[in-house]
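What follows is protein-v2.txt (compact mmCIF, C-alpha atoms).
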```txt
# COMPACT_ATOMS: atom_id res chain seq x y z
CA MET V 1 46.65 49.48 104.72
CA SER V 2 48.86 51.77 106.74
CA VAL V 3 48.71 51.77 110.54
CA PHE V 4 47.19 55.23 110.59
CA SER V 5 44.26 54.38 108.32
CA GLU V 6 43.66 51.13 110.25
CA VAL V 7 43.45 53.08 113.51
CA THR V 8 41.25 55.73 111.91
CA SER V 9 38.86 53.15 110.49
CA TRP V 10 38.70 51.46 113.91
CA LEU V 11 37.87 54.80 115.49
CA THR V 12 35.25 55.76 112.92
CA ASP V 13 33.57 52.34 112.65
CA GLY V 14 29.98 52.84 113.80
CA ALA V 15 29.97 49.41 115.47
CA HIS V 16 32.59 50.63 117.92
CA TRP V 17 30.38 53.50 119.04
CA GLN V 18 27.48 51.49 120.47
CA GLY V 19 26.76 48.82 123.06
CA ASP V 20 28.57 47.90 126.27
CA ASP V 21 31.90 47.63 124.48
CA GLY V 22 31.45 50.87 122.52
CA PHE V 23 33.35 54.09 123.10
CA PRO V 24 30.47 56.09 124.71
CA HIS V 25 29.90 53.44 127.38
CA ARG V 26 33.64 52.98 128.02
CA ILE V 27 34.19 56.74 128.24
CA VAL V 28 31.34 57.10 130.76
CA GLU V 29 32.79 54.18 132.76
CA HIS V 30 36.25 55.74 132.71
CA ILE V 31 34.97 59.12 133.88
CA GLY V 32 32.81 57.35 136.49
CA TYR V 33 35.79 55.51 138.02
CA THR V 34 37.80 58.70 137.98
CA ALA V 35 35.06 60.70 139.71
CA LEU V 36 34.45 57.95 142.28
CA THR V 37 38.10 57.43 143.24
CA VAL V 38 39.00 61.12 143.29
CA ALA V 39 35.92 61.77 145.48
CA ILE V 40 36.94 59.06 147.97
CA ALA V 41 40.58 60.18 147.94
CA SER V 42 39.52 63.82 148.42
CA ALA V 43 37.38 62.89 151.42
CA ILE V 44 40.50 61.37 153.00
CA ALA V 45 43.32 63.61 151.78
CA LEU V 46 41.82 67.11 151.70
CA PRO V 47 40.78 67.34 155.40
CA LEU V 48 44.12 65.80 156.39
CA GLY V 49 46.07 68.14 154.13
CA LEU V 50 44.14 71.19 155.35
CA TRP V 51 44.80 70.17 158.96
CA ILE V 52 48.53 69.72 158.23
CA GLY V 53 48.68 73.05 156.41
CA HIS V 54 46.69 74.91 159.08
CA THR V 55 48.51 73.55 162.13
CA GLY V 56 51.90 72.87 160.53
CA ARG V 57 51.93 69.52 162.36
CA LEU V 58 53.10 66.30 160.66
CA ARG V 59 54.48 68.30 157.75
CA GLY V 60 57.65 66.23 157.52
CA PHE V 61 55.55 63.08 157.52
CA ALA V 62 53.33 64.40 154.71
CA VAL V 63 56.32 65.33 152.53
CA ALA V 64 57.97 61.94 153.08
CA ALA V 65 54.74 60.00 152.52
CA THR V 66 53.85 61.77 149.29
CA GLY V 67 57.41 61.28 148.01
CA ALA V 68 57.47 57.59 148.89
CA LEU V 69 54.04 56.94 147.33
CA ARG V 70 55.24 58.57 144.13
CA ALA V 71 58.04 55.99 143.85
CA LEU V 72 55.51 53.14 144.14
CA PRO V 73 55.09 51.38 140.76
CA THR V 74 51.41 51.56 139.80
CA LEU V 75 51.34 48.19 138.04
CA GLY V 76 52.80 46.54 141.17
CA LEU V 77 50.17 48.10 143.42
CA VAL V 78 47.37 47.23 140.99
CA THR V 79 48.36 43.56 140.58
CA LEU V 80 48.96 43.13 144.32
CA MET V 81 45.53 44.56 145.17
CA GLY V 82 44.03 42.33 142.47
CA LEU V 83 45.43 39.19 144.08
CA TRP V 84 44.56 40.28 147.60
CA LEU V 85 40.98 41.34 147.01
CA GLY V 86 40.05 39.26 143.99
CA ILE V 87 38.12 40.24 140.91
CA GLY V 88 35.68 43.12 141.24
CA LEU V 89 35.61 46.84 141.65
CA THR V 90 37.15 46.96 145.15
CA ALA V 91 40.76 46.13 144.25
CA PRO V 92 41.23 48.67 141.43
CA THR V 93 39.29 51.32 143.37
CA ILE V 94 41.58 51.03 146.39
CA ALA V 95 44.68 51.09 144.18
CA LEU V 96 43.44 54.22 142.39
CA VAL V 97 42.49 55.93 145.68
CA VAL V 98 45.97 55.26 147.09
CA LEU V 99 47.56 56.82 144.00
CA ALA V 100 45.24 59.86 144.06
CA ILE V 101 46.03 60.74 147.69
CA PRO V 102 49.61 62.15 147.34
CA PRO V 103 48.80 64.96 144.87
CA LEU V 104 45.63 65.90 146.79
CA LEU V 105 47.51 65.99 150.10
CA ALA V 106 50.36 68.00 148.60
CA GLY V 107 47.94 70.47 146.99
CA ALA V 108 46.09 71.03 150.26
CA TYR V 109 49.05 71.62 152.56
CA ALA V 110 51.15 73.47 149.99
CA GLY V 111 48.14 75.67 149.24
CA LEU V 112 47.71 76.68 152.86
CA GLU V 113 51.46 77.20 153.22
CA SER V 114 51.40 79.63 150.31
CA VAL V 115 49.02 81.95 152.20
CA ASP V 116 50.83 84.99 153.59
CA ARG V 117 51.38 84.67 157.37
CA ALA V 118 50.58 88.36 157.83
CA THR V 119 47.12 87.84 156.30
CA ILE V 120 46.38 84.98 158.69
CA ASP V 121 47.62 87.00 161.67
CA ALA V 122 45.43 89.91 160.55
CA ALA V 123 42.41 87.58 160.36
CA ARG V 124 43.11 86.36 163.91
CA SER V 125 43.63 89.86 165.25
CA ILE V 126 40.22 91.02 164.03
CA GLY V 127 38.72 88.23 166.12
CA MET V 128 38.16 85.36 163.69
CA THR V 129 38.00 81.89 165.21
CA GLU V 130 40.36 79.19 163.92
CA TRP V 131 37.52 77.74 161.82
CA GLN V 132 36.78 81.15 160.33
CA VAL V 133 40.46 81.69 159.55
CA LEU V 134 40.51 78.35 157.75
CA GLY V 135 37.17 78.70 155.97
CA LYS V 136 37.12 82.40 155.12
CA VAL V 137 40.79 83.23 154.64
CA GLU V 138 43.07 80.25 154.12
CA ILE V 139 40.93 78.01 151.90
CA PRO V 140 39.75 80.78 149.54
CA LEU V 141 43.32 82.05 149.09
CA ALA V 142 44.73 78.54 148.67
CA LEU V 143 41.97 77.37 146.30
CA PRO V 144 43.93 77.61 143.01
CA ILE V 145 46.69 75.39 144.45
CA ILE V 146 44.19 72.98 146.04
CA VAL V 147 42.43 72.69 142.67
CA GLY V 148 45.87 72.12 141.12
CA GLY V 149 46.23 69.10 143.42
CA ILE V 150 42.82 67.80 142.33
CA ARG V 151 43.91 68.28 138.71
CA SER V 152 47.04 66.15 139.20
CA ALA V 153 44.99 63.51 141.02
CA VAL V 154 42.42 63.34 138.21
CA LEU V 155 45.14 62.92 135.57
CA GLN V 156 46.92 60.31 137.68
CA VAL V 157 43.69 58.31 137.99
CA VAL V 158 42.75 58.65 134.30
CA ALA V 159 46.20 57.26 133.41
CA THR V 160 46.28 54.50 136.01
CA ALA V 161 42.70 53.36 135.30
CA THR V 162 43.94 52.21 131.88
CA ILE V 163 46.58 50.10 133.63
CA ALA V 164 43.99 48.80 136.14
CA ALA V 165 42.11 47.27 133.19
CA TYR V 166 44.81 44.61 133.50
CA ILE V 167 43.08 43.28 136.63
CA GLY V 168 39.62 43.49 135.10
CA LEU V 169 38.52 47.11 135.48
CA GLY V 170 36.25 48.40 132.71
CA GLY V 171 36.69 51.75 131.04
CA LEU V 172 38.94 52.73 128.16
CA GLY V 173 41.82 50.57 129.35
CA ARG V 174 39.83 47.55 128.12
CA TYR V 175 40.73 48.39 124.50
CA LEU V 176 44.42 48.36 125.39
CA ILE V 177 44.44 45.20 127.47
CA ASP V 178 41.95 43.23 125.33
CA GLY V 179 43.67 44.38 122.16
CA LEU V 180 47.01 43.29 123.62
CA ALA V 181 45.66 39.81 124.41
CA VAL V 182 44.66 39.18 120.79
CA ARG V 183 47.46 41.29 119.26
CA ASP V 184 44.91 43.69 117.76
CA TYR V 185 47.08 46.77 117.38
CA PRO V 186 44.48 49.08 115.73
CA GLN V 187 42.11 48.49 118.67
CA MET V 188 44.88 49.31 121.20
CA ALA V 189 45.93 52.43 119.35
CA ALA V 190 42.32 53.61 118.89
CA GLY V 191 41.65 53.16 122.63
CA SER V 192 44.90 54.98 123.42
CA VAL V 193 43.94 57.94 121.26
CA VAL V 194 40.61 58.26 123.10
CA VAL V 195 42.34 58.10 126.52
CA VAL V 196 44.83 60.78 125.47
CA VAL V 197 42.04 63.05 124.19
CA LEU V 198 40.07 62.51 127.43
CA ALA V 199 43.12 63.35 129.55
CA LEU V 200 43.86 66.51 127.56
CA LEU V 201 40.20 67.61 127.72
CA LEU V 202 39.99 67.12 131.49
CA ASP V 203 43.30 68.94 131.92
CA GLY V 204 41.97 71.80 129.79
CA ILE V 205 38.86 72.09 131.97
CA PHE V 206 41.06 72.36 135.06
CA VAL V 207 43.30 74.97 133.44
CA VAL V 208 40.21 77.12 132.81
CA LEU V 209 38.89 76.47 136.33
CA GLN V 210 42.22 77.44 137.92
CA ARG V 211 42.38 80.60 135.83
CA VAL V 212 38.85 81.61 136.84
CA LEU V 213 39.61 80.94 140.50
CA SER V 214 42.80 82.97 140.54
CA THR V 215 41.29 85.96 138.74
CA GLN V 216 38.24 86.04 141.04
CA ARG V 217 40.34 87.01 144.03
CA MET T 1 63.03 35.06 150.56
CA THR T 2 63.70 31.54 149.28
CA TRP T 3 62.02 32.49 146.01
CA PHE T 4 64.25 35.54 145.77
CA LEU T 5 67.41 33.46 146.29
CA ASP T 6 66.24 30.69 143.94
CA ASN T 7 65.62 33.18 141.14
CA LEU T 8 68.60 35.41 141.78
CA SER T 9 70.08 35.14 138.29
CA TYR T 10 66.69 35.86 136.68
CA ILE T 11 66.21 38.91 138.94
CA ARG T 12 69.76 40.07 138.23
CA GLY T 13 68.99 39.96 134.51
CA LEU T 14 65.84 42.01 135.03
CA ALA T 15 67.78 44.44 137.21
CA TRP T 16 70.25 45.20 134.42
CA ARG T 17 67.46 45.78 131.94
CA HIS T 18 65.58 47.95 134.41
CA LEU T 19 68.72 49.95 135.16
CA TRP T 20 69.42 50.71 131.50
CA LEU T 21 65.80 51.44 130.69
CA SER T 22 65.75 54.06 133.48
CA LEU T 23 69.27 55.41 133.13
CA ILE T 24 69.17 56.20 129.41
CA PRO T 25 65.95 58.30 129.55
CA VAL T 26 67.14 60.26 132.60
CA VAL T 27 70.55 61.07 131.09
CA LEU T 28 69.15 61.71 127.61
CA GLY T 29 66.31 63.79 129.07
CA PHE T 30 68.79 65.92 131.02
CA VAL T 31 71.00 66.51 127.99
CA ILE T 32 68.00 67.53 125.84
CA ALA T 33 66.22 69.58 128.53
CA LEU T 34 69.32 71.57 129.56
CA PRO T 35 69.56 73.82 126.46
CA ILE T 36 65.75 74.04 126.08
CA GLY T 37 65.27 75.00 129.73
CA TYR T 38 68.02 77.62 129.41
CA VAL T 39 66.65 79.18 126.25
CA ALA T 40 62.87 79.01 126.91
CA PRO T 41 62.56 81.79 129.53
CA ARG T 42 64.82 84.07 127.44
CA TRP T 43 62.91 83.53 124.21
CA ARG T 44 60.05 86.00 124.35
CA LEU T 45 58.15 84.77 121.29
CA GLY T 46 57.96 80.99 121.72
CA GLY T 47 59.34 80.37 125.22
CA GLY T 48 55.98 80.35 126.98
CA ALA T 49 54.47 78.08 124.35
CA LEU T 50 57.44 75.72 124.70
CA LEU T 51 56.97 75.46 128.47
CA SER T 52 53.22 74.86 128.15
CA PHE T 53 53.87 72.22 125.49
CA ALA T 54 56.16 70.45 127.95
CA GLY T 55 53.33 70.59 130.51
CA VAL T 56 50.81 69.12 128.06
CA LEU T 57 53.24 66.35 127.13
CA TYR T 58 53.38 65.31 130.76
CA THR T 59 49.58 65.00 131.02
CA ILE T 60 49.49 62.26 128.35
CA PRO T 61 48.97 58.91 130.12
CA SER T 62 51.97 56.60 129.82
CA LEU T 63 50.48 53.30 128.63
CA PRO T 64 48.45 54.88 125.80
CA LEU T 65 51.48 56.91 124.70
CA LEU T 66 53.53 53.72 124.72
CA VAL T 67 50.96 52.14 122.39
CA ILE T 68 50.74 55.13 120.03
CA ILE T 69 54.46 55.86 119.67
CA PRO T 70 55.31 52.86 117.41
CA SER T 71 52.78 53.94 114.77
CA VAL T 72 54.16 57.49 114.86
CA LEU T 73 57.79 56.40 114.57
CA GLY T 74 57.30 53.26 112.52
CA THR T 75 59.08 51.11 115.10
CA SER T 76 57.96 47.58 115.93
CA PHE T 77 55.31 47.43 118.68
CA LEU T 78 57.52 45.28 120.95
CA ASP T 79 60.67 47.36 120.44
CA SER T 80 62.33 48.39 123.72
CA ARG T 81 63.26 51.70 122.08
CA ASN T 82 59.59 52.74 122.42
CA VAL T 83 59.88 52.60 126.21
CA VAL T 84 63.13 54.58 126.14
CA ILE T 85 61.61 57.22 123.85
CA VAL T 86 58.40 57.63 125.89
CA LEU T 87 60.31 57.89 129.17
CA THR T 88 62.75 60.35 127.60
CA LEU T 89 59.81 62.50 126.49
CA TYR T 90 58.44 62.57 130.06
CA ALA T 91 61.91 63.28 131.46
CA VAL T 92 62.35 66.19 129.05
CA ALA T 93 58.86 67.50 129.87
CA VAL T 94 59.62 67.63 133.60
CA MET T 95 63.24 68.74 133.35
CA VAL T 96 62.61 71.62 130.92
CA ARG T 97 60.57 73.19 133.71
CA SER T 98 63.09 72.42 136.47
CA THR T 99 66.01 73.57 134.29
CA ALA T 100 64.24 76.87 133.64
CA ASP T 101 63.71 77.23 137.40
CA ALA T 102 67.35 76.31 138.04
CA PHE T 103 68.76 78.99 135.73
CA GLY T 104 66.14 81.41 137.06
CA SER T 105 67.51 80.87 140.57
CA VAL T 106 70.91 82.28 139.57
CA SER T 107 71.21 85.84 140.85
CA PRO T 108 71.30 88.33 137.93
CA THR T 109 73.83 90.41 139.87
CA VAL T 110 76.34 87.56 139.71
CA VAL T 111 75.81 87.23 135.96
CA ASP T 112 76.29 90.98 135.54
CA ALA T 113 79.46 90.81 137.63
CA ALA T 114 80.79 88.03 135.38
CA ARG T 115 80.00 90.13 132.33
CA ALA T 116 81.71 93.15 133.86
CA SER T 117 84.86 91.16 134.59
CA GLY T 118 85.11 90.19 130.93
CA TYR T 119 83.56 86.71 130.68
CA SER T 120 82.33 85.87 127.20
CA ALA T 121 78.74 84.66 126.77
CA TRP T 122 79.82 81.00 126.67
CA GLN T 123 82.13 81.39 129.64
CA ARG T 124 79.30 83.00 131.59
CA VAL T 125 76.96 80.12 130.89
CA LEU T 126 79.48 77.34 131.50
CA GLN T 127 81.58 78.77 134.32
CA VAL T 128 79.08 80.93 136.22
CA GLU T 129 75.43 80.10 135.53
CA LEU T 130 75.72 76.31 135.16
CA PRO T 131 77.59 75.72 138.44
CA LEU T 132 75.26 78.06 140.34
CA ALA T 133 72.19 76.39 138.86
CA GLY T 134 73.68 72.99 139.79
CA PRO T 135 71.79 72.26 143.03
CA VAL T 136 68.35 72.92 141.47
CA LEU T 137 69.34 70.95 138.34
CA LEU T 138 70.34 68.06 140.59
CA ALA T 139 67.00 68.21 142.40
CA GLY T 140 65.22 67.98 139.03
CA VAL T 141 67.26 64.94 137.99
CA ARG T 142 66.47 63.20 141.29
CA VAL T 143 62.70 63.73 140.92
CA VAL T 144 62.73 62.45 137.33
CA SER T 145 64.96 59.50 138.25
CA VAL T 146 62.53 58.21 140.91
CA SER T 147 59.46 58.52 138.69
CA THR T 148 61.25 56.98 135.69
CA VAL T 149 62.36 53.89 137.64
CA SER T 150 58.73 53.44 138.69
CA LEU T 151 57.28 54.12 135.19
CA VAL T 152 59.59 51.58 133.50
CA THR T 153 57.54 48.81 135.14
CA ILE T 154 54.70 49.10 132.60
CA GLY T 155 57.22 47.97 129.95
CA PRO T 156 56.31 44.26 130.19
CA LEU T 157 52.75 45.10 129.03
CA VAL T 158 54.31 45.99 125.67
CA GLY T 159 56.84 43.18 125.71
CA VAL T 160 59.83 44.92 127.31
CA PRO T 161 60.95 42.86 130.33
CA ASN T 162 62.23 44.45 133.56
CA PHE T 163 61.24 44.33 137.25
CA GLY T 164 57.67 44.92 136.09
CA SER T 165 57.73 41.37 134.67
CA LEU T 166 57.59 40.16 138.28
CA PHE T 167 54.20 41.90 138.66
CA ILE T 168 52.75 40.31 135.53
CA ASP T 169 54.20 36.89 136.28
CA GLY T 170 53.17 37.03 139.95
CA PHE T 171 49.65 38.10 139.03
CA GLN T 172 49.22 35.36 136.45
CA ARG T 173 50.49 32.68 138.84
CA ASP T 174 48.55 34.07 141.82
CA PHE T 175 51.85 34.49 143.70
CA LYS T 176 51.93 37.62 145.88
CA THR T 177 55.52 37.16 147.07
CA GLU T 178 56.82 37.74 143.55
CA ILE T 179 54.93 41.05 143.27
CA VAL T 180 56.10 42.24 146.69
CA ILE T 181 59.70 41.39 145.78
CA GLY T 182 59.21 43.26 142.50
CA VAL T 183 57.97 46.38 144.32
CA LEU T 184 60.90 46.18 146.76
CA CYS T 185 63.38 45.79 143.87
CA VAL T 186 61.94 48.90 142.19
CA VAL T 187 62.15 50.94 145.40
CA VAL T 188 65.73 49.77 146.08
CA LEU T 189 66.83 50.59 142.52
CA ALA T 190 65.22 54.03 142.82
CA LEU T 191 67.15 54.62 146.04
CA VAL T 192 70.44 53.36 144.55
CA LEU T 193 70.09 55.65 141.53
CA ASP T 194 69.16 58.56 143.80
CA LEU T 195 72.32 57.94 145.81
CA LEU T 196 74.30 57.89 142.55
CA TRP T 197 72.95 61.33 141.56
CA VAL T 198 73.76 62.73 145.02
CA LEU T 199 77.32 61.34 144.79
CA LEU T 200 77.78 62.68 141.26
CA GLY T 201 76.47 66.03 142.48
CA ARG T 202 79.03 65.98 145.30
CA LEU T 203 81.82 65.25 142.82
CA ALA T 204 80.69 67.92 140.36
CA MET T 205 79.97 70.52 143.05
CA PRO T 206 82.50 69.89 145.84
CA TRP T 207 81.88 73.38 147.23
CA LEU T 208 78.44 72.29 148.44
CA ALA T 209 79.84 69.62 150.80
CA GLY T 210 78.84 70.19 154.40
CA ARG T 211 76.33 72.85 153.49
CA PRO T 212 72.77 72.09 154.59
CA ARG T 213 70.61 71.21 151.63
```
Take the structure in the file and write it out as structure tokens.
Amino acid sequence: MSVFSEVTSWLTDGAHWQGDDGFPHRIVEHIGYTALTVAIASAIALPLGLWIGHTGRLRGFAVAATGALRALPTLGLVTLMGLWLGIGLTAPTIALVVLAIPPLLAGAYAGLESVDRATIDAARSIGMTEWQVLGKVEIPLALPIIVGGIRSAVLQVVATATIAAYIGLGGLGRYLIDGLAVRDYPQMAAGSVVVVVLALLLDGIFVVLQRVLSTQR
Amino acid sequence: MTWFLDNLSYIRGLAWRHLWLSLIPVVLGFVIALPIGYVAPRWRLGGGALLSFAGVLYTIPSLPLLVIIPSVLGTSFLDSRNVVIVLTLYAVAVMVRSTADAFGSVSPTVVDAARASGYSAWQRVLQVELPLAGPVLLAGVRVVSVSTVSLVTIGPLVGVPNFGSLFIDGFQRDFKTEIVIGVLCVVVLALVLDLLWVLLGRLAMPWLAGRPR
């Protein structure tokens, strides 16, 4: 049997579509981890990024930090966290949050920086408070770029969650890591195909969202 | 530190592999992306589609792509060429965009002036547009270089040893030092390569020396 038909039969086998180890459950897990970690990372990075973009303070620090974090090898971070914090959800969650922060931070401060200074000055001159300037002028105008940051973070986490399966995380990465352990190539390839489709679908949703947001203005 | 010194020859071996596995995709990616990035914005029919395809390519997660590529190409699963091909694809995907930006940054007036003073199409591209696009091209190479050096580390999961092997080995032996040393090695190699690109840029574009970047 060729590799392609082996992978296809793995994908279409009804037994692989039910139970805790089936695709539906793994897909839900994968999306769950992604939503959880991006939510935590957003709670940290978005306020910070908005503050940096609004005040212009610590900008150099933000640029350097996002650049440095990008050079950090994900597998190194994941395995290190795994040893430090042991088996469980905490270690992979922290690793994924750390990796989701740079794109969110960059999206937030770059978004605010893209807003025309004259518009902000106009908002101030008609008597808006700093909070009103941020909430009613800067954030709405910067929203497409902020959402772009969330999009990169989501894709980063979807990709890295498959690697985090190496330290015991569930989700779609299980097919890759478990398949690798027993040299079951069709299982690995089938899992990979599902991850790729998931990533492309999520990316497509964000493309639509960004388009809607930028035409609404 | 003692572990590092005790295993110096092992680490040196990994360093060479890591260097080649990063260097080939960056150079190959640049060579492939250069003509595509130049042509795409000028090609009204398919240019936009080409640039969006490059964007989509970059959204594909690396480990799954690394698993799928052998069955597409018919290579062995543990072949190190898979890693080189996947990383080259990512490098092309990013650099097509930055190359298009780089050539877009060249002032059209300068190109018109070159045309008016009798430069042929090839001369214009090679002697006017390419050198002027140089700084932005260099910036693109540096971004790709850093992310490639970091991405190479998933290679050991598909049987291609490099600094990433220190993560796997350290994790399996419950030995944090090895992982920390691995991370440091990756960061140092990324910095060394970055320095190499800056130096090459200086050599290729001596007129930029002393100018603030």
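Among the candidates V:Ala165, V:Leu80, V:Ala39, V:Ala65, the one nearest to Glu178 (chain T) when counting only C-alpha atoms is V:Leu80.
We find CA of Leu58 (chain V) and CA of Ser114 (chain V) to be spaced 17.0 Å apart.
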What's the 7 Å shell around region 206-216 of chain V, counting only C-alpha atoms, without same-chain residues fewer than 2 positions away, as an MDAnalysis selection string? chainID V and resid 144 147 151 202:204
If I take CA of Leu63 (chain T) and CA of Asp174 (chain T), how far is one from the other in Å, to one decimal? 23.4 Å
Using 6 Å as the limit and counting all atoms listed in the file, can you tabulate each residue of chain V that touches chain T, with its shortest atom-to-atom distance in Å and the two atoms involved, as CSV?
```
residue,atom,partner,partner_atom,distance
V:Ala71,CA,T:Ser150,CA,5.8
V:Pro73,CA,T:Ser150,CA,4.7
V:Gly76,CA,T:Phe167,CA,5.5
V:Thr79,CA,T:Phe171,CA,5.8
V:Ala159,CA,T:Pro61,CA,4.6
V:Ala189,CA,T:Ile68,CA,5.6
V:Ser192,CA,T:Pro64,CA,4.3
V:Val196,CA,T:Ile60,CA,5.7
```
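Atom to atom, CA of Leu73 (chain T) and CA of Leu19 (chain T) stand 24.2 Å apart.
With all atoms listed in the file as the atoms that count, the minimum distance from Asp101 (chain T) to the choices T:Ala116, T:Ala40, T:Val160, T:Val84 is reached by T:Ala40.
Of the residues listed (T:Ser52, T:Asn7, T:Ser22, T:Asn162), T:Ser22 shows the shortest atom-to-atom separation from Val86 (chain T); distances use all atoms listed in the file.
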Which polymer residues have any atom within 10 Å of an atom of region 24-35 of chain T, counting all atoms listed in the file, with same-chain residues fewer than 6 positions away left out, as a ChimeraX atom specification? /T:83-100,102-103,130,137-138,140-142,144-149
Skipping near chain neighbours, those fewer than 6 positions away, what residues fall within 10 Å of Ile177 (chain V) using only C-alpha atoms, listed as a ChimeraX atom specification? /V:162-168,183-184,187-188,191 /T:157
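For the residues T:Gly104, T:Gly201, T:Pro206, T:Pro156, ranking by smallest atom-to-atom distance to Val39 (chain T) using all atoms listed in the file places T:Gly104 first.
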Here's a test: counting all atoms listed in the file, identify every protein, DNA and RNA residue with an atom at most 12 Å from (56.2, 67.9, 155.1) in the file's coordinate frame, and state them as a PyMOL selection string. chain V and resi 49+52-53+55-67+102+105-110+113
Let me make sure I understand: among V:Val154, V:Leu180, V:Leu46, V:Val194, which one has the smallest atom-to-atom distance to Ala100 (chain V) if we use only C-alpha atoms? V:Val154
Spatial sel., origin (67.9, 38.0, 140.8), limit 12 Å, only C-alpha atoms, listed as a VMD selection string: chain T and resid 1 to 17 162 to 163 166 178 181 to 182 185
Report, as AutoDock Vina command-line options, the axis-aligned box around all atoms of region 42-58 of chain T present in the file, extended by 3 Å on each side; give centre and edge lengths in Å to one decimal place.
```
--center_x 57.8 --center_y 75.7 --center_z 126.0 --size_x 20.0 --size_y 26.7 --size_z 15.5
```
Find the residues near Val133 (chain V): any atom within 8 Å, counting all atoms listed in the file, skip ones fewer than 5 places away on the same chain, and give them as an NGL selection string. :V and (120 or 123-124 or 128 or 138)
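The nearest approach to Asp21 (chain V) among the residues V:Arg117, V:Arg70, V:His54, V:Arg174, with all atoms listed in the file taken into account, belongs to V:Arg174.
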